[in-house]
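Visitor: Take a look at target23.txt, compact mmCIF, C-alpha atoms and all ligand atoms:
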# COMPACT_ATOMS: atom_id res chain seq x y z
CA MET A 1 142.97 182.94 146.41
CA GLU A 2 146.35 184.14 145.20
CA THR A 3 148.14 182.86 142.17
CA LEU A 4 151.69 181.70 141.85
CA VAL A 5 153.87 180.97 138.84
CA ALA A 6 155.89 177.93 139.87
CA ARG A 7 159.31 176.98 138.55
CA SER A 8 158.53 173.25 138.63
CA ILE A 9 155.58 171.07 139.63
CA PHE A 10 157.30 167.81 140.57
CA SER A 11 159.81 167.92 143.44
CA THR A 12 162.27 165.35 144.66
CA ALA A 13 160.72 163.58 147.65
CA THR A 14 162.30 164.15 151.05
CA GLY A 15 161.82 163.00 154.64
CA TYR A 16 159.38 160.23 155.48
CA ILE A 17 157.94 160.32 151.98
CA ARG A 18 161.31 159.49 150.49
CA ARG A 19 161.96 156.89 153.19
CA GLY A 20 158.59 155.36 152.25
CA GLY A 21 159.83 154.75 148.72
CA PHE A 22 158.63 157.80 146.80
CA ALA A 23 160.88 159.53 144.30
CA TRP A 24 158.65 162.56 143.66
CA THR A 25 156.02 164.76 145.27
CA CYS A 26 153.55 167.10 143.62
CA ASN A 27 151.67 170.00 145.23
CA PRO A 28 149.42 171.97 142.86
CA TYR A 29 148.67 174.47 145.64
CA VAL A 30 150.60 176.20 148.41
CA GLY A 31 148.66 176.35 151.68
CA CYS A 32 145.47 174.40 152.28
CA THR A 33 141.99 175.77 152.83
CA PHE A 34 140.90 172.66 154.73
CA GLY A 35 143.05 174.15 157.51
CA CYS A 36 143.16 171.14 159.84
CA SER A 37 144.15 172.28 163.32
CA TYR A 38 146.79 169.56 163.66
CA CYS A 39 148.31 169.90 160.19
CA TYR A 40 152.09 169.53 160.08
CA ALA A 41 152.36 171.50 156.84
CA MET A 42 151.88 174.75 158.74
CA PHE A 43 155.35 174.13 160.23
CA LEU A 44 157.04 174.11 156.83
CA PRO A 45 159.69 176.80 156.47
CA GLN A 46 158.17 178.09 153.21
CA ASN A 47 154.86 178.74 154.97
CA ARG A 48 156.09 181.91 156.59
CA ARG A 49 152.68 183.19 157.58
CA PRO A 50 151.65 182.91 161.21
CA LYS A 51 150.34 179.48 162.21
CA GLN A 52 147.07 181.11 163.33
CA GLU A 53 146.42 181.93 159.66
CA TRP A 54 146.83 178.33 158.46
CA GLY A 55 143.81 177.43 156.37
CA ARG A 56 142.90 181.03 155.56
CA TRP A 57 145.11 181.50 152.55
CA LEU A 58 145.89 179.60 149.39
CA GLN A 59 148.12 180.03 146.39
CA ALA A 60 147.31 178.15 143.19
CA LYS A 61 150.16 177.27 140.88
CA THR A 62 148.44 178.52 137.76
CA ASN A 63 151.06 177.06 135.43
CA ALA A 64 150.90 173.62 137.11
CA VAL A 65 149.41 171.80 134.12
CA GLU A 66 151.77 173.37 131.63
CA LEU A 67 154.72 172.39 133.83
CA ALA A 68 153.35 168.88 134.29
CA ARG A 69 153.15 168.37 130.53
CA ARG A 70 156.78 169.38 130.24
CA GLU A 71 158.12 167.49 133.26
CA ALA A 72 156.02 164.30 133.20
CA PRO A 73 158.43 162.23 131.04
CA ARG A 74 160.95 162.37 133.90
CA LEU A 75 158.50 160.46 136.10
CA ALA A 76 157.96 157.51 133.77
CA GLY A 77 157.50 154.43 135.94
CA GLN A 78 158.64 156.28 139.07
CA THR A 79 156.83 156.76 142.35
CA LEU A 80 154.82 159.93 142.97
CA TYR A 81 153.08 161.24 146.10
CA LEU A 82 150.26 163.69 145.34
CA SER A 83 150.14 165.75 147.57
CA SER A 84 152.46 166.08 150.53
CA VAL A 85 151.81 169.59 151.91
CA THR A 86 148.40 170.53 150.55
CA ASP A 87 145.27 168.64 149.53
CA PRO A 88 144.97 168.03 145.78
CA TYR A 89 141.16 168.09 146.01
CA LEU A 90 140.42 171.39 147.72
CA PRO A 91 137.10 173.03 146.81
CA LEU A 92 138.86 175.37 144.39
CA GLU A 93 140.14 172.38 142.44
CA ARG A 94 136.60 171.87 141.14
CA ARG A 95 136.99 175.06 139.09
CA LEU A 96 140.74 175.21 138.48
CA LYS A 97 141.24 171.54 137.57
CA LEU A 98 144.98 171.71 138.25
CA THR A 99 145.14 168.23 139.77
CA ARG A 100 143.06 166.84 136.95
CA GLY A 101 145.34 168.45 134.36
CA ILE A 102 148.40 167.02 136.10
CA LEU A 103 146.89 163.53 136.07
CA GLU A 104 146.14 163.86 132.37
CA ALA A 105 149.74 164.90 131.71
CA LEU A 106 151.07 161.96 133.75
CA LEU A 107 148.94 159.22 132.21
CA PRO A 108 151.17 158.41 129.24
CA TYR A 109 154.14 157.99 131.59
CA GLN A 110 152.46 155.76 134.15
CA PRO A 111 154.13 156.71 137.42
CA ARG A 112 153.22 154.60 140.45
CA LEU A 113 150.79 157.05 141.95
CA LEU A 114 149.67 157.65 145.52
CA VAL A 115 146.93 160.25 145.93
CA GLN A 116 146.53 161.54 149.48
CA THR A 117 143.35 163.50 150.17
CA ARG A 118 140.30 164.12 152.31
CA GLY A 119 138.40 165.74 149.45
CA PRO A 120 135.48 163.74 148.01
CA LEU A 121 136.08 165.63 144.78
CA VAL A 122 138.68 162.95 144.02
CA VAL A 123 135.79 160.86 142.69
CA ARG A 124 135.51 163.30 139.78
CA ASP A 125 138.85 162.02 138.51
CA ALA A 126 138.12 158.32 138.88
CA ASP A 127 137.99 158.04 135.09
CA LEU A 128 141.64 159.10 134.94
CA LEU A 129 142.78 157.26 138.05
CA GLN A 130 141.41 154.02 136.63
CA ARG A 131 143.83 154.32 133.75
CA PHE A 132 146.94 154.30 135.93
CA HIS A 133 148.37 150.79 136.13
CA SER A 134 149.60 151.35 139.66
CA VAL A 135 147.57 153.69 141.85
CA ARG A 136 146.16 153.98 145.32
CA VAL A 137 144.02 156.74 146.79
CA ASN A 138 144.50 157.32 150.50
CA VAL A 139 141.58 159.09 152.17
CA SER A 140 142.02 160.64 155.62
CA ILE A 141 139.34 159.60 158.09
CA PRO A 142 140.81 160.55 161.46
CA THR A 143 137.79 159.79 163.65
CA GLY A 144 134.36 158.19 163.63
CA SER A 145 132.76 161.22 165.26
CA GLU A 146 131.45 164.05 163.12
CA LYS A 147 131.30 166.21 166.25
CA VAL A 148 135.02 165.68 166.85
CA ARG A 149 135.79 166.23 163.18
CA GLN A 150 134.04 169.61 163.35
CA LEU A 151 136.17 170.60 166.31
CA PHE A 152 139.53 169.69 164.79
CA GLU A 153 138.94 170.28 161.08
CA PRO A 154 135.77 172.37 160.69
CA LYS A 155 136.56 173.42 157.11
CA ALA A 156 137.22 169.92 155.83
CA PRO A 157 134.53 167.73 154.24
CA PRO A 158 132.14 165.74 156.46
CA LEU A 159 133.24 162.20 157.27
CA GLU A 160 130.33 160.52 155.53
CA ARG A 161 131.24 162.14 152.23
CA ARG A 162 134.72 160.67 152.56
CA TRP A 163 133.32 157.20 153.20
CA GLU A 164 131.12 157.63 150.13
CA ALA A 165 134.15 158.65 148.08
CA LEU A 166 136.03 155.57 149.26
CA ALA A 167 133.15 153.34 148.22
CA CYS A 168 132.94 154.99 144.81
CA LEU A 169 136.66 154.64 144.19
CA ARG A 170 136.59 151.02 145.19
CA GLN A 171 133.65 150.38 142.89
CA ALA A 172 135.72 151.90 140.11
CA GLY A 173 138.42 149.31 140.78
CA ILE A 174 140.85 151.76 142.36
CA ALA A 175 142.84 150.60 145.38
CA VAL A 176 142.10 152.66 148.49
CA GLY A 177 143.81 153.35 151.78
CA ILE A 178 142.36 154.87 154.93
CA CYS A 179 144.58 157.13 157.02
CA VAL A 180 143.58 157.61 160.63
CA THR A 181 146.48 159.99 161.00
CA PRO A 182 146.44 161.38 163.54
CA MET A 183 143.70 159.46 165.29
CA LEU A 184 141.38 162.09 166.74
CA PRO A 185 139.35 161.32 169.86
CA LEU A 186 136.72 158.64 169.33
CA GLU A 187 133.29 158.66 170.92
CA GLU A 188 132.62 155.04 170.01
CA PRO A 189 135.96 153.25 169.52
CA GLU A 190 134.42 149.80 168.99
CA GLY A 191 132.05 151.10 166.33
CA PHE A 192 134.86 152.87 164.49
CA VAL A 193 137.05 149.77 164.57
CA GLU A 194 134.15 147.72 163.25
CA ARG A 195 133.53 150.11 160.40
CA LEU A 196 137.18 150.23 159.37
CA CYS A 197 137.48 146.45 159.42
CA ALA A 198 134.20 145.95 157.57
CA PHE A 199 135.26 148.32 154.82
CA ASP A 200 138.59 146.52 154.61
CA PRO A 201 140.74 149.11 152.80
CA ASP A 202 143.77 147.92 150.88
CA VAL A 203 145.95 149.79 153.37
CA LEU A 204 145.07 151.06 156.84
CA VAL A 205 147.36 153.52 158.61
CA VAL A 206 146.98 154.85 162.13
CA GLN A 207 149.07 157.32 164.08
CA ASP A 208 148.93 159.05 167.42
CA PHE A 209 149.52 162.77 167.78
CA HIS A 210 153.14 163.83 167.52
CA ASP A 211 154.89 166.33 169.69
CA ALA A 212 157.91 167.78 167.91
CA ARG A 213 157.64 170.92 170.05
CA GLY A 214 157.00 173.22 167.14
CA CYS A 215 159.85 171.97 164.96
CA PHE A 216 159.01 170.73 161.52
CA GLY A 217 158.00 167.13 161.44
CA ALA A 218 154.69 165.39 161.92
CA ASP A 219 153.92 167.85 164.68
CA THR A 220 150.58 168.82 166.11
CA GLY A 221 149.27 172.32 165.58
CA PRO A 222 148.76 174.50 168.68
CA GLN A 223 144.99 174.69 168.31
CA ALA A 224 144.74 170.90 168.19
CA ARG A 225 146.82 170.68 171.36
CA ARG A 226 144.38 172.95 173.15
CA LEU A 227 141.43 170.89 171.96
CA LEU A 228 143.11 167.65 172.96
CA ALA A 229 143.76 168.96 176.45
CA GLU A 230 140.03 169.53 176.88
CA LEU A 231 138.92 166.08 175.73
CA PRO A 232 139.06 162.75 177.54
CA TRP A 233 141.52 161.15 175.12
CA THR A 234 144.99 159.87 175.95
CA ALA A 235 147.84 157.94 174.36
CA HIS A 236 146.47 154.91 176.20
CA ASP A 237 143.12 155.26 174.39
CA TYR A 238 144.94 155.48 171.06
CA ARG A 239 146.97 152.36 171.85
CA ARG A 240 143.86 150.43 172.79
CA VAL A 241 142.22 151.23 169.46
CA HIS A 242 145.42 150.40 167.59
CA ASP A 243 145.57 147.02 169.30
CA MET A 244 141.91 146.28 168.57
CA LEU A 245 142.58 146.90 164.89
CA ALA A 246 145.84 144.97 164.87
CA GLN A 247 144.06 141.91 166.26
CA ARG A 248 141.76 141.88 163.26
CA ARG A 249 143.81 142.98 160.27
CA VAL A 250 147.10 144.41 158.99
CA VAL A 251 147.51 147.92 160.29
CA TYR A 252 150.48 150.17 159.67
CA GLU A 253 151.51 152.67 162.26
CA GLY A 254 152.87 156.08 161.36
CA GLU A 255 155.19 156.78 158.49
CA VAL A 256 155.76 153.12 157.58
CA GLY A 257 152.19 153.13 156.25
CA PHE A 258 152.96 155.65 153.54
CA PHE A 259 154.37 153.57 150.71
CA PRO A 260 153.64 153.43 146.98
CA PRO A 261 151.10 151.09 145.44
CA PRO A 262 152.56 147.85 144.10
CA ALA A 263 153.84 147.86 140.56
CA ALA A 264 151.32 145.17 139.59
CA PRO A 265 147.87 146.19 138.34
CA THR A 266 145.37 146.95 141.09
CA ARG A 267 141.78 145.72 141.45
CA SER A 268 139.59 145.33 138.41
CA ALA A 269 136.69 147.68 137.84
CA HIS A 270 133.25 146.75 139.13
CA ARG A 271 131.45 149.53 137.31
CA PRO A 272 132.38 152.43 135.04
CA ALA A 273 133.52 155.75 136.48
CA ASP A 274 130.87 157.62 134.47
CA ALA A 275 128.22 156.26 136.78
CA MET A 276 129.89 157.94 139.72
CA SER A 277 130.29 161.50 138.61
CA SER A 278 126.56 162.09 139.17
CA ARG A 279 127.11 161.50 142.88
CA LEU A 280 129.34 164.55 143.28
S1 LIG A 301 144.00 168.53 154.38
FE1 LIG A 301 146.10 167.83 154.79
S2 LIG A 301 147.41 169.53 154.10
FE2 LIG A 301 145.33 170.33 154.29
S3 LIG A 301 145.25 171.22 156.32
FE3 LIG A 301 144.46 169.12 156.48
S4 LIG A 301 146.24 167.86 157.04
FE4 LIG A 301 147.01 169.84 156.26
Could you express the structure from this file as structure tokens?

Guide:
Amino acid sequence: METLVARSIFSTATGYIRRGGFAWTCNPYVGCTFGCSYCYAMFLPQNRRPKQEWGRWLQAKTNAVELARREAPRLAGQTLYLSSVTDPYLPLERRLKLTRGILEALLPYQPRLLVQTRGPLVVRDADLLQRFHSVRVNVSIPTGSEKVRQLFEPKAPPLERRWEALACLRQAGIAVGICVTPMLPLEEPEGFVERLCAFDPDVLVVQDFHDARGCFGADTGPQARRLLAELPWTAHDYRRVHDMLAQRRVVYEGEVGFFPPPAAPTRSAHRPADAMSSRL
């Protein structure tokens, strides 16, 4: 891990995040050690390293918490997306606690907070998340197949741990979203649809793979393209699963699904967060 002294920790939202209604983004890290093969962040201009190295490097903004304490008043009541080009709950976060420190700094100012992650470590911070009046945690679950997950995102947490995190967050009274973005090949589409509908997240977002031909955008990394070409999965398969879901519940497709939590208070707690930390 490398360290980085950042000039600021909250940035003005741009692109689809801004269009979705967010004023600010926050990225405590640069790079992402989950290294998903399809990740669009590897196309960002500031990530100058070769795309083949995506996932193998990470810079931690060591002054992130100090900056957050200073800058948080500006975000009072405004919408914040945490994080847009890294994961705020990477394994290193367990030790560095940058995301946790940022949440602590933000609490008095109550931004409308969207946490986007695939890291089950998010459950550690349920005690803080519960205290935001407007919050939703989106967890990425791009497939129902652990075998497929290991092909496309071998360094990311197993799917079952993400489902467990979702259940814990919900039990803590925190609104949750599930992002099937992009939808990876499914071995049992009906079973996956059933599980998503049975869990009934507050928000469900699906998206097919994008092809921006290497330009920045929600593009698909080159390694994911190679994997996709080898698997029996097409845009038609994606559409079929989308339609199965849409027949049963509200499902957002693509960037329209990334919007802030409502200003009103979210679900009430079913049990205290303390009871969950032992599950980590
Ligand atoms: S967790 Fe998110 S930011 Fe990190 S590599 Fe995967 S898609 Fe990219």

Visitor: So that all listed atoms of ligand LIG 301 (chain A) fit with 4 Å spare on each side, what axis-aligned box centre and edge lengths in Å, to one decimal, would you give as lines of an AutoDock Vina configuration file?

Guide:
center_x = 145.7
center_y = 169.5
center_z = 155.6
size_x = 11.4
size_y = 11.4
size_z = 10.9

Visitor: What is the CA of Pro232 (chain A) to CA of Glu188 (chain A) distance in Å?

Guide: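 Result for CA of Pro232 (chain A) versus CA of Glu188 (chain A): 12.6 Å, one decimal.
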
Visitor: Considering only C-alpha atoms, state which residue in the set A:Asp200, A:Leu103, A:Ala235, A:Thr12 is at the smallest distance from Arg248 (chain A).

Guide: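 Closest to Arg248 (chain A) of all the choices is A:Asp200.
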
Visitor: Between A:Arg94, A:Arg100, A:Arg170, A:Lys61, which residue has the minimum interatomic distance to Leu128 (chain A), considering all atoms listed in the file?

Guide: A:Arg100

Visitor: Neighbours of ligand LIG 301 (chain A) at 8 Å or closer, counting all atoms listed in the file: which residues, as a compact mmCIF listing (two decimals) with C-alpha atoms, in the frame of the given file?

Guide:
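In the end it all went to result.txt:
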# COMPACT_ATOMS: atom_id res chain seq x y z
CA GLY A 31 148.66 176.35 151.68
CA CYS A 32 145.47 174.40 152.28
CA THR A 33 141.99 175.77 152.83
CA PHE A 34 140.90 172.66 154.73
CA GLY A 35 143.05 174.15 157.51
CA CYS A 36 143.16 171.14 159.84
CA SER A 37 144.15 172.28 163.32
CA TYR A 38 146.79 169.56 163.66
CA CYS A 39 148.31 169.90 160.19
CA TYR A 40 152.09 169.53 160.08
CA ALA A 41 152.36 171.50 156.84
CA MET A 42 151.88 174.75 158.74
CA TRP A 54 146.83 178.33 158.46
CA GLY A 55 143.81 177.43 156.37
CA SER A 84 152.46 166.08 150.53
CA VAL A 85 151.81 169.59 151.91
CA THR A 86 148.40 170.53 150.55
CA ASP A 87 145.27 168.64 149.53
CA THR A 117 143.35 163.50 150.17
CA ARG A 118 140.30 164.12 152.31
CA GLY A 119 138.40 165.74 149.45
CA GLU A 153 138.94 170.28 161.08
CA ALA A 156 137.22 169.92 155.83

Visitor: Mind pulling up the distance from CA of Val115 (chain A) to CA of Thr25 (chain A)?

Guide: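 Taking CA of Thr25 (chain A) and CA of Val115 (chain A), their separation equals 10.2 Å.
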
Visitor: Would you mind telling me which residue in A:Leu4, A:Leu67, A:Leu90, A:Leu184 lies nearest to Leu151 (chain A) when using all atoms listed in the file?

Guide: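 Counting all atoms listed in the file, the residue closest to Leu151 (chain A) is A:Leu184.
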
Visitor: Mind giving me the straight-line distance from CA of Ala105 (chain A) to CA of Leu82 (chain A) in Å, one decimal?

Guide: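 Atom-to-atom, CA of Ala105 (chain A) and CA of Leu82 (chain A) are spaced 13.7 Å apart.
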
Visitor: List the neighbours of Ser11 (chain A) out to 12 Å using only C-alpha atoms; skip same-chain residues closer than 4 positions along the sequence, and give me the result as a list in words.

Guide: Ala6, Arg7, Ile17, Arg18, Phe22, Ala23, Trp24, Thr25, Cys26, Asn27, Pro28, Leu67, Ala68, Glu71, Ala72, Arg74, Leu75, Thr79, Leu80, Tyr81, Leu82, Ser83, Ser84 and Val85 of chain A

Visitor: Dump C-alpha atoms for the selected residues as an mmCIF file, keeping the file's coordinate frame?

Guide:
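Contents of result-v2.cif, freshly written:
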data_model
loop_
_atom_site.group_PDB
_atom_site.id
_atom_site.type_symbol
_atom_site.label_atom_id
_atom_site.label_comp_id
_atom_site.auth_asym_id
_atom_site.auth_seq_id
_atom_site.Cartn_x
_atom_site.Cartn_y
_atom_site.Cartn_z
ATOM 1 C CA ALA A 6 155.890 177.930 139.870
ATOM 2 C CA ARG A 7 159.310 176.980 138.550
ATOM 3 C CA ILE A 17 157.940 160.320 151.980
ATOM 4 C CA ARG A 18 161.310 159.490 150.490
ATOM 5 C CA PHE A 22 158.630 157.800 146.800
ATOM 6 C CA ALA A 23 160.880 159.530 144.300
ATOM 7 C CA TRP A 24 158.650 162.560 143.660
ATOM 8 C CA THR A 25 156.020 164.760 145.270
ATOM 9 C CA CYS A 26 153.550 167.100 143.620
ATOM 10 C CA ASN A 27 151.670 170.000 145.230
ATOM 11 C CA PRO A 28 149.420 171.970 142.860
ATOM 12 C CA LEU A 67 154.720 172.390 133.830
ATOM 13 C CA ALA A 68 153.350 168.880 134.290
ATOM 14 C CA GLU A 71 158.120 167.490 133.260
ATOM 15 C CA ALA A 72 156.020 164.300 133.200
ATOM 16 C CA ARG A 74 160.950 162.370 133.900
ATOM 17 C CA LEU A 75 158.500 160.460 136.100
ATOM 18 C CA THR A 79 156.830 156.760 142.350
ATOM 19 C CA LEU A 80 154.820 159.930 142.970
ATOM 20 C CA TYR A 81 153.080 161.240 146.100
ATOM 21 C CA LEU A 82 150.260 163.690 145.340
ATOM 22 C CA SER A 83 150.140 165.750 147.570
ATOM 23 C CA SER A 84 152.460 166.080 150.530
ATOM 24 C CA VAL A 85 151.810 169.590 151.910
#
